[in-house]
Every structure is written in structure tokens, then in C-alpha cells.
$ cat upload37.tsv   # TSV, C-alpha atoms and all ligand atoms
chain	number	residue	atom	x	y	z
A	884	MET	CA	-85.91	-42.37	-75.08
A	885	ALA	CA	-82.41	-41.31	-74.16
A	886	GLN	CA	-79.69	-42.11	-76.68
A	887	THR	CA	-77.57	-45.14	-75.75
A	888	ILE	CA	-74.37	-46.64	-77.10
A	889	THR	CA	-73.20	-50.20	-76.49
A	890	LEU	CA	-69.46	-50.75	-76.72
A	891	LEU	CA	-67.36	-53.87	-76.74
A	892	GLN	CA	-65.82	-53.85	-73.26
A	893	PRO	CA	-63.02	-51.26	-73.25
A	894	ASP	CA	-59.41	-51.69	-72.11
A	895	ASP	CA	-57.30	-49.02	-70.43
A	896	TRP	CA	-53.79	-49.08	-71.90
A	897	HIS	CA	-52.29	-46.68	-69.32
A	898	ILE	CA	-53.32	-46.65	-65.66
A	899	HIS	CA	-51.73	-46.04	-62.26
A	900	LEU	CA	-53.35	-48.39	-59.76
A	901	ARG	CA	-50.73	-47.64	-57.04
A	902	ASP	CA	-50.26	-50.25	-54.34
A	903	GLY	CA	-51.28	-51.33	-50.83
A	904	ALA	CA	-54.49	-49.82	-49.47
A	905	ALA	CA	-54.91	-47.66	-52.62
A	906	LEU	CA	-55.82	-50.79	-54.57
A	907	ALA	CA	-59.19	-51.10	-52.80
A	908	THR	CA	-60.28	-47.87	-54.53
A	909	THR	CA	-58.40	-48.02	-57.82
A	910	VAL	CA	-58.98	-51.65	-58.73
A	911	ALA	CA	-62.71	-51.52	-57.98
A	912	HIS	CA	-63.09	-48.42	-60.16
A	913	ALA	CA	-60.99	-49.73	-63.04
A	914	ALA	CA	-62.66	-53.13	-63.12
A	915	GLN	CA	-66.14	-51.60	-63.38
A	916	SER	CA	-65.33	-50.36	-66.87
A	917	PHE	CA	-62.25	-52.10	-68.23
A	918	ASN	CA	-61.13	-55.67	-68.88
A	919	ARG	CA	-57.43	-55.30	-69.63
A	920	VAL	CA	-55.52	-52.49	-67.92
A	921	MET	CA	-51.86	-51.70	-68.54
A	922	CYS	CA	-50.48	-51.14	-65.04
A	923	MET	CA	-47.82	-48.46	-64.82
A	924	PRO	CA	-44.75	-49.49	-62.81
A	925	ASN	CA	-43.92	-46.20	-61.03
A	926	LEU	CA	-44.46	-47.56	-57.53
A	927	VAL	CA	-42.09	-46.67	-54.71
A	928	PRO	CA	-39.81	-48.60	-55.25
A	929	PRO	CA	-40.62	-49.21	-58.93
A	930	VAL	CA	-41.55	-52.50	-60.60
A	931	LYS	CA	-38.16	-53.36	-62.09
A	932	THR	CA	-38.10	-57.10	-62.70
A	933	ALA	CA	-40.46	-59.82	-63.86
A	934	SER	CA	-40.70	-61.12	-60.30
A	935	ASP	CA	-41.65	-57.63	-59.02
A	936	ALA	CA	-44.35	-57.54	-61.71
A	937	ILE	CA	-45.71	-60.97	-60.80
A	938	ALA	CA	-45.89	-60.05	-57.10
A	939	TYR	CA	-47.57	-56.71	-57.92
A	940	ARG	CA	-50.16	-58.47	-60.09
A	941	GLU	CA	-50.96	-60.81	-57.20
A	942	ARG	CA	-51.62	-57.84	-54.90
A	943	ILE	CA	-53.92	-56.33	-57.54
A	944	MET	CA	-55.80	-59.62	-57.90
A	945	ALA	CA	-56.18	-59.92	-54.12
A	946	ALA	CA	-57.74	-56.43	-54.03
A	947	LEU	CA	-60.05	-57.44	-56.88
A	948	GLN	CA	-61.23	-60.53	-55.02
A	949	ALA	CA	-61.81	-58.49	-51.84
A	950	SER	CA	-63.97	-55.94	-53.70
A	951	ASP	CA	-67.78	-55.90	-53.98
A	952	LEU	CA	-67.68	-56.16	-57.77
A	953	PRO	CA	-70.01	-58.65	-59.48
A	954	GLN	CA	-68.41	-62.02	-60.19
A	955	ALA	CA	-68.48	-61.40	-63.95
A	956	ARG	CA	-66.36	-58.26	-63.58
A	957	LYS	CA	-63.93	-60.07	-61.28
A	958	GLU	CA	-63.50	-62.77	-63.89
A	959	ALA	CA	-63.04	-60.34	-66.76
A	960	PHE	CA	-60.52	-57.97	-65.18
A	961	ASP	CA	-57.03	-58.67	-66.49
A	962	PRO	CA	-54.15	-56.46	-65.33
A	963	ARG	CA	-51.23	-56.44	-67.77
A	964	MET	CA	-47.87	-55.64	-66.25
A	965	THR	CA	-45.05	-53.30	-67.26
A	966	LEU	CA	-41.44	-52.92	-66.16
A	967	TYR	CA	-39.83	-49.63	-65.24
A	968	LEU	CA	-36.58	-48.99	-67.13
A	969	THR	CA	-33.73	-47.70	-65.02
A	970	ASP	CA	-30.05	-47.06	-65.74
A	971	HIS	CA	-29.45	-50.54	-64.35
A	972	THR	CA	-31.97	-52.56	-66.38
A	973	THR	CA	-30.17	-55.28	-68.38
A	974	ALA	CA	-31.00	-57.17	-71.56
A	975	ASP	CA	-31.34	-60.24	-69.31
A	976	ASP	CA	-34.09	-58.47	-67.33
A	977	ILE	CA	-35.93	-57.91	-70.61
A	978	ALA	CA	-35.44	-61.55	-71.65
A	979	ALA	CA	-36.81	-62.72	-68.27
A	980	ALA	CA	-39.76	-60.34	-68.65
A	981	ALA	CA	-40.55	-61.71	-72.10
A	982	ARG	CA	-40.29	-65.30	-70.83
A	983	SER	CA	-42.59	-64.56	-67.88
A	984	GLY	CA	-45.52	-64.16	-70.27
A	985	LEU	CA	-46.98	-61.67	-67.76
A	986	VAL	CA	-45.01	-58.58	-68.68
A	987	GLN	CA	-46.67	-56.95	-71.64
A	988	ALA	CA	-44.47	-53.86	-72.12
A	989	VAL	CA	-41.65	-51.75	-70.71
A	990	LYS	CA	-42.02	-48.14	-69.59
A	991	LEU	CA	-39.47	-45.41	-70.19
A	992	TYR	CA	-39.58	-42.39	-67.90
A	993	PRO	CA	-36.83	-39.86	-68.47
A	994	ALA	CA	-35.45	-39.36	-64.92
A	995	GLY	CA	-37.34	-36.57	-63.16
A	996	ALA	CA	-40.04	-36.16	-65.83
A	997	THR	CA	-43.02	-36.87	-63.57
A	998	THR	CA	-44.39	-38.45	-60.36
A	999	ASN	CA	-42.08	-41.20	-59.00
A	1000	SER	CA	-39.64	-41.00	-61.91
A	1001	ALA	CA	-36.45	-40.36	-59.92
A	1002	ASP	CA	-35.18	-43.85	-60.83
A	1003	GLY	CA	-35.86	-43.33	-64.54
A	1004	VAL	CA	-33.35	-43.34	-67.35
A	1005	THR	CA	-30.76	-40.53	-67.22
A	1006	ASP	CA	-29.20	-41.17	-70.66
A	1007	ILE	CA	-31.27	-42.82	-73.34
A	1008	ASN	CA	-28.13	-43.35	-75.45
A	1009	GLN	CA	-27.10	-45.97	-72.88
A	1010	CYS	CA	-30.23	-48.04	-73.60
A	1011	VAL	CA	-29.08	-49.62	-76.88
A	1012	ASP	CA	-28.96	-53.18	-75.45
A	1013	ILE	CA	-32.39	-52.75	-73.96
A	1014	PHE	CA	-33.96	-51.49	-77.17
A	1015	GLU	CA	-32.35	-54.36	-79.09
A	1016	ALA	CA	-33.78	-56.84	-76.59
A	1017	LEU	CA	-37.24	-55.25	-76.84
A	1018	GLU	CA	-37.10	-55.55	-80.62
A	1019	LYS	CA	-35.97	-59.16	-80.36
A	1020	TYR	CA	-38.80	-60.15	-78.00
A	1021	ASN	CA	-41.36	-57.87	-79.64
A	1022	LEU	CA	-42.09	-56.15	-76.32
A	1023	PRO	CA	-43.48	-52.63	-76.81
A	1024	LEU	CA	-41.73	-49.61	-75.34
A	1025	LEU	CA	-44.15	-47.20	-73.64
A	1026	ILE	CA	-42.75	-43.70	-73.43
A	1027	HIS	CA	-43.37	-40.70	-71.21
A	1028	GLY	CA	-42.26	-38.31	-73.93
A	1029	GLU	CA	-40.90	-35.18	-72.28
A	1030	VAL	CA	-37.38	-33.79	-72.00
A	1031	THR	CA	-36.43	-32.79	-68.49
A	1032	ALA	CA	-33.68	-30.16	-68.82
A	1033	SER	CA	-34.55	-27.37	-66.41
A	1034	HIS	CA	-34.18	-24.64	-69.05
A	1035	VAL	CA	-36.80	-26.18	-71.37
A	1036	ASP	CA	-40.21	-24.58	-70.94
A	1037	ILE	CA	-42.74	-27.03	-69.50
A	1038	PHE	CA	-45.14	-26.41	-72.42
A	1039	ASP	CA	-42.41	-27.34	-74.95
A	1040	ARG	CA	-41.11	-30.49	-73.29
A	1041	GLU	CA	-43.13	-32.98	-75.31
A	1042	LYS	CA	-42.35	-31.42	-78.70
A	1043	ARG	CA	-38.65	-31.23	-77.86
A	1044	PHE	CA	-38.60	-34.89	-76.82
A	1045	LEU	CA	-40.08	-35.96	-80.16
A	1046	GLU	CA	-37.58	-33.89	-82.13
A	1047	GLU	CA	-34.47	-34.55	-80.10
A	1048	VAL	CA	-34.94	-38.01	-78.64
A	1049	LEU	CA	-37.75	-40.11	-80.05
A	1050	SER	CA	-37.02	-39.50	-83.73
A	1051	GLN	CA	-33.50	-40.85	-83.11
A	1052	ILE	CA	-34.72	-43.93	-81.25
A	1053	ILE	CA	-37.10	-44.72	-84.12
A	1054	ALA	CA	-34.39	-44.17	-86.75
A	1055	LYS	CA	-32.04	-46.58	-84.95
A	1056	PHE	CA	-34.68	-49.15	-83.99
A	1057	PRO	CA	-37.29	-49.16	-86.76
A	1058	GLU	CA	-38.75	-52.51	-85.67
A	1059	LEU	CA	-39.37	-51.39	-82.09
A	1060	LYS	CA	-43.06	-51.13	-81.17
A	1061	ILE	CA	-43.59	-47.82	-79.40
A	1062	VAL	CA	-46.53	-46.16	-77.68
A	1063	VAL	CA	-46.14	-42.44	-77.14
A	1064	GLU	CA	-48.18	-42.23	-73.95
A	1065	HIS	CA	-50.69	-39.50	-73.13
A	1066	ILE	CA	-49.96	-37.21	-76.09
A	1067	THR	CA	-50.86	-33.57	-75.51
A	1068	THR	CA	-49.92	-31.59	-78.62
A	1069	SER	CA	-50.66	-31.33	-82.32
A	1070	ASP	CA	-46.91	-31.89	-82.77
A	1071	ALA	CA	-47.21	-35.30	-81.14
A	1072	ALA	CA	-50.32	-36.19	-83.16
A	1073	ASP	CA	-48.52	-35.26	-86.41
A	1074	PHE	CA	-45.38	-37.12	-85.32
A	1075	VAL	CA	-47.32	-40.34	-84.66
A	1076	LEU	CA	-49.20	-40.00	-87.97
A	1077	GLU	CA	-45.90	-39.78	-89.84
A	1078	GLN	CA	-44.47	-43.00	-88.38
A	1079	SER	CA	-45.03	-46.64	-89.37
A	1080	ASN	CA	-47.85	-48.61	-87.78
A	1081	ARG	CA	-45.38	-49.79	-85.13
A	1082	VAL	CA	-45.78	-46.38	-83.46
A	1083	ALA	CA	-49.06	-45.50	-81.74
A	1084	ALA	CA	-50.32	-43.15	-79.02
A	1085	THR	CA	-52.68	-43.10	-76.07
A	1086	ILE	CA	-54.84	-40.06	-75.26
A	1087	THR	CA	-56.30	-39.21	-71.84
A	1088	PRO	CA	-59.80	-37.83	-71.19
A	1089	GLN	CA	-58.39	-34.61	-69.72
A	1090	HIS	CA	-56.40	-33.78	-72.86
A	1091	LEU	CA	-59.54	-34.23	-75.00
A	1092	LEU	CA	-61.87	-32.22	-72.74
A	1093	TYR	CA	-59.69	-29.48	-71.32
A	1094	ASN	CA	-56.88	-27.05	-72.10
A	1095	ARG	CA	-54.59	-24.86	-70.03
A	1096	ASN	CA	-57.26	-22.23	-69.48
A	1097	HIS	CA	-59.20	-24.77	-67.45
A	1098	LEU	CA	-56.10	-25.21	-65.30
A	1099	LEU	CA	-55.14	-21.56	-64.88
A	1100	VAL	CA	-57.96	-19.08	-65.56
A	1101	GLY	CA	-59.96	-17.87	-62.55
A	1102	GLY	CA	-57.56	-19.48	-60.07
A	1103	ILE	CA	-55.23	-22.46	-60.14
A	1104	LYS	CA	-57.25	-25.70	-60.37
A	1105	PRO	CA	-54.95	-28.39	-59.01
A	1106	HIS	CA	-57.20	-31.26	-60.06
A	1107	PHE	CA	-56.48	-30.40	-63.71
A	1108	TYR	CA	-52.73	-30.57	-63.12
A	1109	CYS	CA	-51.09	-33.58	-64.72
A	1110	LEU	CA	-47.99	-34.29	-66.76
A	1111	PRO	CA	-47.56	-33.71	-69.59
A	1112	ILE	CA	-49.37	-30.49	-68.66
A	1113	LEU	CA	-52.57	-29.38	-70.45
A	1114	LYS	CA	-51.72	-27.28	-73.51
A	1115	ARG	CA	-53.46	-24.58	-75.61
A	1116	GLU	CA	-56.95	-25.09	-77.02
A	1117	GLN	CA	-55.55	-25.53	-80.55
A	1118	HIS	CA	-53.75	-28.66	-79.36
A	1119	GLN	CA	-56.87	-29.96	-77.62
A	1120	LYS	CA	-58.76	-29.58	-80.92
A	1121	VAL	CA	-56.18	-31.57	-82.89
A	1122	LEU	CA	-56.17	-34.33	-80.25
A	1123	LEU	CA	-59.98	-34.51	-80.54
A	1124	ASP	CA	-59.62	-34.67	-84.34
A	1125	VAL	CA	-57.21	-37.60	-84.32
A	1126	ALA	CA	-58.93	-39.48	-81.48
A	1127	THR	CA	-62.26	-39.34	-83.32
A	1128	SER	CA	-60.81	-39.95	-86.79
A	1129	GLY	CA	-61.01	-43.74	-86.67
A	1130	ASN	CA	-57.24	-43.99	-87.14
A	1131	PRO	CA	-56.14	-47.07	-85.13
A	1132	LYS	CA	-52.86	-45.40	-84.10
A	1133	PHE	CA	-54.78	-43.53	-81.38
A	1134	PHE	CA	-56.42	-45.37	-78.50
A	1135	LEU	CA	-57.61	-45.14	-74.93
A	1136	GLY	CA	-55.17	-44.72	-72.05
A	1137	THR	CA	-56.65	-42.78	-69.16
A	1138	ASP	CA	-53.40	-42.10	-67.26
A	1139	SER	CA	-55.72	-42.18	-64.24
A	1140	ALA	CA	-53.26	-41.29	-61.48
A	1141	PRO	CA	-54.65	-40.92	-57.96
A	1142	HIS	CA	-53.14	-38.63	-55.36
A	1143	ALA	CA	-54.71	-37.86	-51.99
A	1144	THR	CA	-56.86	-34.72	-52.23
A	1145	HIS	CA	-54.60	-32.88	-49.76
A	1146	ALA	CA	-51.52	-33.74	-51.85
A	1147	LYS	CA	-53.06	-32.02	-54.87
A	1148	GLU	CA	-54.64	-29.08	-53.01
A	1149	ASN	CA	-51.23	-28.07	-51.77
A	1150	ALA	CA	-48.58	-25.37	-52.19
A	1151	CYS	CA	-46.60	-28.02	-54.11
A	1152	GLY	CA	-49.41	-30.03	-55.65
A	1153	CYS	CA	-48.82	-33.47	-57.18
A	1154	ALA	CA	-49.26	-34.16	-60.90
A	1155	GLY	CA	-51.95	-36.63	-61.90
A	1156	CYS	CA	-55.72	-36.68	-62.61
A	1157	TYR	CA	-57.90	-39.46	-61.23
A	1158	SER	CA	-60.44	-40.45	-63.88
A	1159	SER	CA	-60.85	-44.21	-63.81
A	1160	SER	CA	-64.38	-44.37	-62.34
A	1161	ILE	CA	-65.84	-41.94	-64.90
A	1162	ALA	CA	-63.46	-42.36	-67.81
A	1163	LEU	CA	-66.04	-43.77	-70.22
A	1164	PRO	CA	-68.61	-40.98	-69.64
A	1165	LEU	CA	-65.74	-38.48	-70.05
A	1166	TYR	CA	-64.59	-39.96	-73.36
A	1167	ALA	CA	-68.22	-40.22	-74.58
A	1168	THR	CA	-68.69	-36.53	-73.72
A	1169	ALA	CA	-65.56	-35.62	-75.68
A	1170	PHE	CA	-66.50	-37.67	-78.76
A	1171	ASP	CA	-70.12	-36.46	-78.70
A	1172	SER	CA	-68.94	-32.83	-78.46
A	1173	VAL	CA	-67.70	-33.15	-82.06
A	1174	GLY	CA	-70.55	-35.37	-83.29
A	1175	LYS	CA	-68.36	-38.50	-83.42
A	1176	ILE	CA	-69.90	-40.86	-80.87
A	1177	ASP	CA	-69.92	-43.51	-83.62
A	1178	LYS	CA	-66.10	-43.51	-83.51
A	1179	LEU	CA	-65.93	-44.18	-79.77
A	1180	GLU	CA	-65.79	-47.98	-79.85
A	1181	GLY	CA	-62.72	-48.20	-82.07
A	1182	PHE	CA	-60.84	-45.89	-79.71
A	1183	THR	CA	-62.02	-47.49	-76.45
A	1184	SER	CA	-62.23	-51.16	-77.37
A	1185	ARG	CA	-60.55	-52.15	-80.65
A	1186	PHE	CA	-57.43	-50.22	-81.60
A	1187	GLY	CA	-55.40	-50.85	-78.43
A	1188	ALA	CA	-56.03	-54.59	-78.55
A	1189	GLN	CA	-55.12	-54.55	-82.23
A	1190	PHE	CA	-51.82	-52.76	-81.52
A	1191	TYR	CA	-50.91	-55.28	-78.80
A	1192	GLY	CA	-51.95	-58.22	-80.99
A	1193	LEU	CA	-54.79	-59.28	-78.69
A	1194	PRO	CA	-58.39	-60.22	-79.47
A	1195	VAL	CA	-61.12	-57.70	-78.69
A	1196	ASN	CA	-63.20	-58.38	-75.58
A	1197	GLU	CA	-66.46	-60.27	-75.88
A	1198	SER	CA	-68.60	-58.60	-73.21
A	1199	THR	CA	-70.15	-55.16	-73.72
A	1200	ILE	CA	-70.93	-52.05	-71.69
A	1201	THR	CA	-73.71	-49.58	-72.40
A	1202	LEU	CA	-73.57	-45.82	-71.92
A	1203	VAL	CA	-76.63	-43.57	-71.92
A	1204	LYS	CA	-77.01	-39.88	-72.65
A	1205	GLN	CA	-78.32	-39.02	-69.20
A	1206	PRO	CA	-76.76	-36.62	-66.70
A	1207	LEU	CA	-74.08	-38.01	-64.39
A	1208	LEU	CA	-73.10	-36.02	-61.32
A	1209	VAL	CA	-69.41	-36.76	-60.73
A	1210	PRO	CA	-68.80	-37.40	-57.00
A	1211	SER	CA	-66.84	-34.74	-55.10
A	1212	HIS	CA	-64.47	-37.42	-53.78
A	1213	TYR	CA	-63.97	-41.11	-53.05
A	1214	SER	CA	-62.50	-42.72	-49.98
A	1215	TYR	CA	-58.80	-43.52	-50.42
A	1216	LEU	CA	-56.30	-45.52	-48.36
A	1217	ALA	CA	-59.20	-46.66	-46.15
A	1218	GLY	CA	-58.30	-48.67	-43.08
A	1219	THR	CA	-54.82	-47.12	-42.73
A	1220	ALA	CA	-53.46	-44.24	-40.67
A	1221	GLU	CA	-53.34	-42.20	-43.91
A	1222	GLN	CA	-57.04	-42.72	-44.67
A	1223	THR	CA	-58.12	-39.81	-46.85
A	1224	THR	CA	-59.95	-39.02	-50.09
A	1225	VAL	CA	-59.14	-38.84	-53.78
A	1226	THR	CA	-60.84	-36.16	-55.89
A	1227	PRO	CA	-61.80	-37.26	-59.41
A	1228	LEU	CA	-61.41	-35.24	-62.57
A	1229	ALA	CA	-64.55	-33.12	-63.10
A	1230	ALA	CA	-65.55	-33.55	-59.43
A	1231	GLY	CA	-68.96	-32.00	-58.75
A	1232	GLU	CA	-69.63	-31.42	-62.47
A	1233	THR	CA	-72.52	-32.98	-64.37
A	1234	LEU	CA	-71.52	-34.93	-67.47
A	1235	PRO	CA	-74.03	-35.49	-70.28
A	1236	TRP	CA	-73.15	-39.21	-70.52
A	1237	SER	CA	-73.58	-41.86	-67.86
A	1238	PHE	CA	-73.48	-45.63	-67.35
A	1239	ALA	CA	-76.73	-47.37	-68.35
B	1301	LIG	C1	-48.53	-39.83	-63.11
B	1301	LIG	C2	-48.53	-40.31	-61.66
B	1301	LIG	O1	-49.05	-39.61	-60.78
B	1301	LIG	O2	-48.04	-41.43	-61.41
B	1301	LIG	N1	-48.81	-38.41	-63.10
B	1301	LIG	C3	-49.26	-37.68	-64.17
B	1301	LIG	O3	-49.34	-36.46	-64.02
B	1301	LIG	N2	-49.62	-38.23	-65.30
B	1301	LIG	C4	-47.23	-40.16	-63.74
B	1301	LIG	C5	-47.25	-40.01	-65.25
B	1301	LIG	O4	-47.85	-40.80	-65.97
B	1301	LIG	O5	-46.64	-39.04	-65.75
B	1302	ZN	ZN	-49.06	-42.16	-66.46

$ encode --input "upload37.tsv" --output "C-alpha cells"
Amino acid sequence: MAQTITLLQPDDWHIHLRDGAALATTVAHAAQSFNRVMCMPNLVPPVKTASDAIAYRERIMAALQASDLPQARKEAFDPRMTLYLTDHTTADDIAAAARSGLVQAVKLYPAGATTNSADGVTDINQCVDIFEALEKYNLPLLIHGEVTASHVDIFDREKRFLEEVLSQIIAKFPELKIVVEHITTSDAADFVLEQSNRVAATITPQHLLYNRNHLLVGGIKPHFYCLPILKREQHQKVLLDVATSGNPKFFLGTDSAPHATHAKENACGCAGCYSSSIALPLYATAFDSVGKIDKLEGFTSRFGAQFYGLPVNESTITLVKQPLLVPSHYSYLAGTAEQTTVTPLAAGETLPWSFA
């Protein structure tokens, strides 16, 4: 009999569902595995106000209803909304977001750090009112933690952000709840471990399973390109250590970020790995690789809910140690003039873990 593991239904605390016709693909994939998903606001234009967030959630729910998912999955899926901080966000915007009851967190992208971040914050020192309002309403701040100065090496951008920016934010706003999103270095793991329990981190499947050799040795592999970029193997090992340690500061956030296949296989390829459909087999593979499959449920299904002060889900999902051939692509933007494909992480590879 193949080994199985039954998990409380997981949540994805960092996902890019995109908008419009993309939702037919992304929402169906996310809702197969996850109940609550924290929807990133980097649309074009971004989700900047509570009313933008409410309208975006309605579009997501319409795509959910139009999907072929079983009724039980449709009922369980619960997108949680975030606002995108800009130089023009006001404390009143934060108050309105808190009052809406639908906005669960606020996302900080340093301007220019990643995909669709041109409207992000240019000077974090100007955000004092915002951080005070977040503290007051107990709304978590989700951070893309990289400095953006052109002279800073891309492999050092996360570490420099922690040292130069985040440590100061935490010193000035000790009550602020913060998630350092998609951590990629041992420096970030150590940093989060040293902070109070108001500071946590998400970890993606690609940063647990791969390192920069996968991206760069034997040819450039654009489907492994995301931001923050994959680092050295020693960092991958530390991320695996902390993710599988049972420490509730570290929990699941896929950062699943679809781009059309042609936009990644390009002379100027986009940053982002699409993993939503196979995220649970990927995480199971990572945890099993270090003999820690017993620690998977805390990471996938308990610690994120605990951080956000929410109950754990009641339904379950079962994974089985049987080979899963990851599809080469999925249809994307179907029914539009841009109809194309999206290539998942690990496309064409066989994973040892599958859905039961
Ligand atoms: C994300 C995207 O494509 O929206 N890309 C990525 O490489 N992770 C943006 C982000 O989370 O940085
Ligand atoms: Zn992201």
C-alpha cells in the first residue's frame, strides 16, 4: 500500500490570481487545494482601496461559480483580500479597509522590486501614518523584502532589506504584525527567528526544492525565475530546516504567479513561478526529502491560520506517495484574443507525491 497523508485543508497565504480571463485557470487550480487564499493586489492597476478589493473579490467569486469544481470546493474557497500600498495611500484608506471586514492585510512592494510594482512605495520613511494605522487596526503588513537600488547585487537584495529597512520598521513599530513574504535566504530565516511572534514568514515550494543551479546550470531555465531569485543551495537547506522544524513562524505561501509561457520563454522573461495546481505535491516532496512529512500539516494548514487569528479548516485533503506527472502546460486566458498557455513549475517532471 502506498503511503498516504491526510491534512486539514491547507490555506495559501500568498497567491497571485491575476484578473479577467486568467481567473478561469487560477481560481480553479487554487480552489482544488486551498480554502483561504491571500490574494496579492498587484493587478494593473493595483488594488488600492477597500472598494477595489471588494470588486476584485466579486470577480474571483464569479470565476469560481463558473468553474467545474465540485460544490463542496466552491463553498469552501474563501479569497482574502489585500491592499497595495502606494505613496498616496492614506491612514483613512487603512481605516476603511479595516472597517470593510474583507481586507485581511496590506502589501508593501518597494517600487520596482518585482512584477507590477511600479506603483509601490518609493520611500518607506513616508509611511509612518500608515504603519500607525495598521498597528491600530491590527492589520498585518505583508512585505516583499528586497531593496531596489540598481547597484545592489540581485542575490543580496533580501539580506540588505532586512538589515537596512525592516529592522528599522520593527524597532519603530513593535506591535505591527508583519509577514516577510517568500523568504529565500538563511539570513531571512534567522532574522524572523530573532523577532517576536508578531513577525512570521511564508516560504514557496520553489525555494524549498530548488536553488540557483537549477535556474542557471546547463542553460537558463526561465520557469525557475522568480523574485526574490533562487539563492545558493546552503540557503535552500536552511529554508527546508525551518519550514520542517514545526516552528509556527513559518507557513505556506506559494507565491504562485502565472505568466503566459511566451512571456517567460523570452529575451526579457517575466519573474514568477506558477505552482498552484501542484503546490501540495511539491511541498510534500520537499518535506519528505528530509524525512519530515509529519511536519507538513502544521506548515500547510495550521500556522498561517494561527498567525492571522483564524480557526483551522474542518475539511481534509489526502496526498499519496504515487508518481505525479506534472502537465507541460495549462490553457490560459482562454476565450480571449490573447489565449495562450501557462507553464507550471516542474512542468514535465514526475513528482513522488500526488493527490489521492
Ligand atoms: C510575482 C508576480 O508575477 O506577480 N512575481 C514573482 O516573481 N514572485 C510578484 C512577486 O510576488 O514578487
Ligand atoms: Zn508574490

$ closest_atom_pairs --input "upload37.tsv" --of "chain A" --to "ligand LIG 1301 (chain B)" --cutoff "6 Å" --atoms "all atoms listed in the file" --output "CSV"
residue,atom,partner,partner_atom,distance
A:His899,CA,B:LIG1301,O2,6.0
A:Thr997,CA,B:LIG1301,O5,4.8
A:Thr998,CA,B:LIG1301,C2,4.7
A:Cys1109,CA,B:LIG1301,O3,3.4
A:Leu1110,CA,B:LIG1301,O3,3.7
A:Asp1138,CA,B:LIG1301,N2,5.8
A:Ala1140,CA,B:LIG1301,O1,4.6
A:Ala1154,CA,B:LIG1301,O3,3.9
A:Gly1155,CA,B:LIG1301,O3,3.4

$ atom_distance --input "upload37.tsv" --atom1 "atom CA of A:Gly1129" --atom2 "atom CA of A:Tyr1166"
14.3 Å

$ atom_distance --input "upload37.tsv" --atom1 "atom CA of A:Asp951" --atom2 "atom CA of A:Leu906"
13.0 Å

$ residues_around --input "upload37.tsv" --residues "stretch 1174-1190 of chain A" --least-positions-apart "6" --cutoff "7 Å" --atoms "all atoms listed in the file" --output "PDB file with C-alpha atoms, keeping the file's coordinate frame"
ATOM      1  CA  LEU A 890     -69.460 -50.750 -76.720  1.00  0.00           C
ATOM      2  CA  LEU A 891     -67.360 -53.870 -76.740  1.00  0.00           C
ATOM      3  CA  GLN A 892     -65.820 -53.850 -73.260  1.00  0.00           C
ATOM      4  CA  PRO A 893     -63.020 -51.260 -73.250  1.00  0.00           C
ATOM      5  CA  ASP A 894     -59.410 -51.690 -72.110  1.00  0.00           C
ATOM      6  CA  TRP A 896     -53.790 -49.080 -71.900  1.00  0.00           C
ATOM      7  CA  ALA A1126     -58.930 -39.480 -81.480  1.00  0.00           C
ATOM      8  CA  THR A1127     -62.260 -39.340 -83.320  1.00  0.00           C
ATOM      9  CA  GLY A1129     -61.010 -43.740 -86.670  1.00  0.00           C
ATOM     10  CA  PRO A1131     -56.140 -47.070 -85.130  1.00  0.00           C
ATOM     11  CA  PHE A1133     -54.780 -43.530 -81.380  1.00  0.00           C
ATOM     12  CA  PHE A1134     -56.420 -45.370 -78.500  1.00  0.00           C
ATOM     13  CA  LEU A1135     -57.610 -45.140 -74.930  1.00  0.00           C
ATOM     14  CA  ALA A1167     -68.220 -40.220 -74.580  1.00  0.00           C
TER      15      ALA A1167
END

$ residues_near_ligand --input "upload37.tsv" --ligand "ligand ZN 1302 (chain B)" --cutoff "12 Å" --atoms "all atoms listed in the file" --output "ChimeraX atom specification"
/A:895-901,921-926,965,967,990-992,996-1000,1025-1028,1063-1066,1085-1087,1109-1112,1136-1141,1154-1158

$ residues_around --input "upload37.tsv" --residues "stretch 1067-1075 of chain A" --least-positions-apart "5" --cutoff "12 Å" --atoms "all atoms listed in the file" --output "PyMOL selection string"
chain A and resi 1027-1029+1038-1046+1049-1050+1053+1061-1062+1080-1095+1109-1126+1128+1130-1134

$ residues_around --input "upload37.tsv" --residues "stretch 1003-1011 of chain A" --least-positions-apart "6" --cutoff "7 Å" --atoms "only C-alpha atoms" --output "list in words"
Leu968, Thr969, Asp970, Tyr992, Pro993 and Ala994 of chain A

$ residues_around --input "upload37.tsv" --residues "stretch 1217-1233 of chain A" --least-positions-apart "2" --cutoff "9 Å" --atoms "all atoms listed in the file" --output "ChimeraX atom specification"
/A:904-905,907-908,1089,1106-1107,1141-1145,1147,1156-1161,1165,1206-1215,1235-1236

$ atom_distance --input "upload37.tsv" --atom1 "atom CA of A:Ala911" --atom2 "atom CA of A:Ala938"
18.9 Å

$ closest_residue --input "upload37.tsv" --among "A:Ala978, A:Val1100, A:Leu1163, A:Leu1059" --to "A:Ala913" --atoms "all atoms listed in the file"
A:Leu1163

$ axis_aligned_box --input "upload37.tsv" --around "stretch 972-981 of chain A" --padding-each-side "6 Å" --output "AutoDock Vina command-line options"
--center_x -35.4 --center_y -57.6 --center_z -69.2 --size_x 22.4 --size_y 22.2 --size_z 17.7

$ closest_residue --input "upload37.tsv" --among "A:Val989, A:Ala1150, A:Met884, A:Met964" --to "A:Leu1017" --atoms "all atoms listed in the file"
A:Val989

$ residues_around --input "upload37.tsv" --residues "A:Thr932" --least-positions-apart "6" --cutoff "9 Å" --atoms "only C-alpha atoms" --output "ChimeraX atom specification"
/A:966-967,972,976-977,979-980

$ closest_residue --input "upload37.tsv" --among "A:Tyr1191, A:Gln987, A:Asp1012, A:Met944" --to "A:Ala974" --atoms "all atoms listed in the file"
A:Asp1012

$ closest_residue --input "upload37.tsv" --among "A:Leu1234, A:Val1048, A:Ala1146, A:Ile1200" --to "A:Pro1164" --atoms "all atoms listed in the file"
A:Leu1234

$ build_atoms --input "upload37.tsv" --residues "stretch 1080-1085 of chain A" --atoms "N, CA, C and O atoms" --output "compact mmCIF listing (two decimals), in the coordinates of the input"
# COMPACT_ATOMS: atom_id res chain seq x y z
N ASN A 1080 -46.80 -48.17 -88.72
CA ASN A 1080 -47.85 -48.61 -87.78
C ASN A 1080 -47.28 -49.31 -86.55
O ASN A 1080 -48.03 -49.81 -85.72
N ARG A 1081 -45.96 -49.29 -86.38
CA ARG A 1081 -45.38 -49.79 -85.13
C ARG A 1081 -45.36 -48.71 -84.05
O ARG A 1081 -44.98 -48.98 -82.91
N VAL A 1082 -45.76 -47.49 -84.42
CA VAL A 1082 -45.78 -46.38 -83.46
C VAL A 1082 -47.21 -45.89 -83.28
O VAL A 1082 -47.88 -45.54 -84.27
N ALA A 1083 -47.68 -45.91 -82.05
CA ALA A 1083 -49.06 -45.50 -81.74
C ALA A 1083 -49.04 -44.54 -80.55
O ALA A 1083 -47.97 -44.21 -80.03
N ALA A 1084 -50.24 -44.10 -80.14
CA ALA A 1084 -50.32 -43.15 -79.02
C ALA A 1084 -51.58 -43.40 -78.20
O ALA A 1084 -52.61 -43.79 -78.76
N THR A 1085 -51.47 -43.15 -76.90
CA THR A 1085 -52.68 -43.10 -76.07
C THR A 1085 -53.05 -41.64 -75.84
O THR A 1085 -52.21 -40.74 -75.92
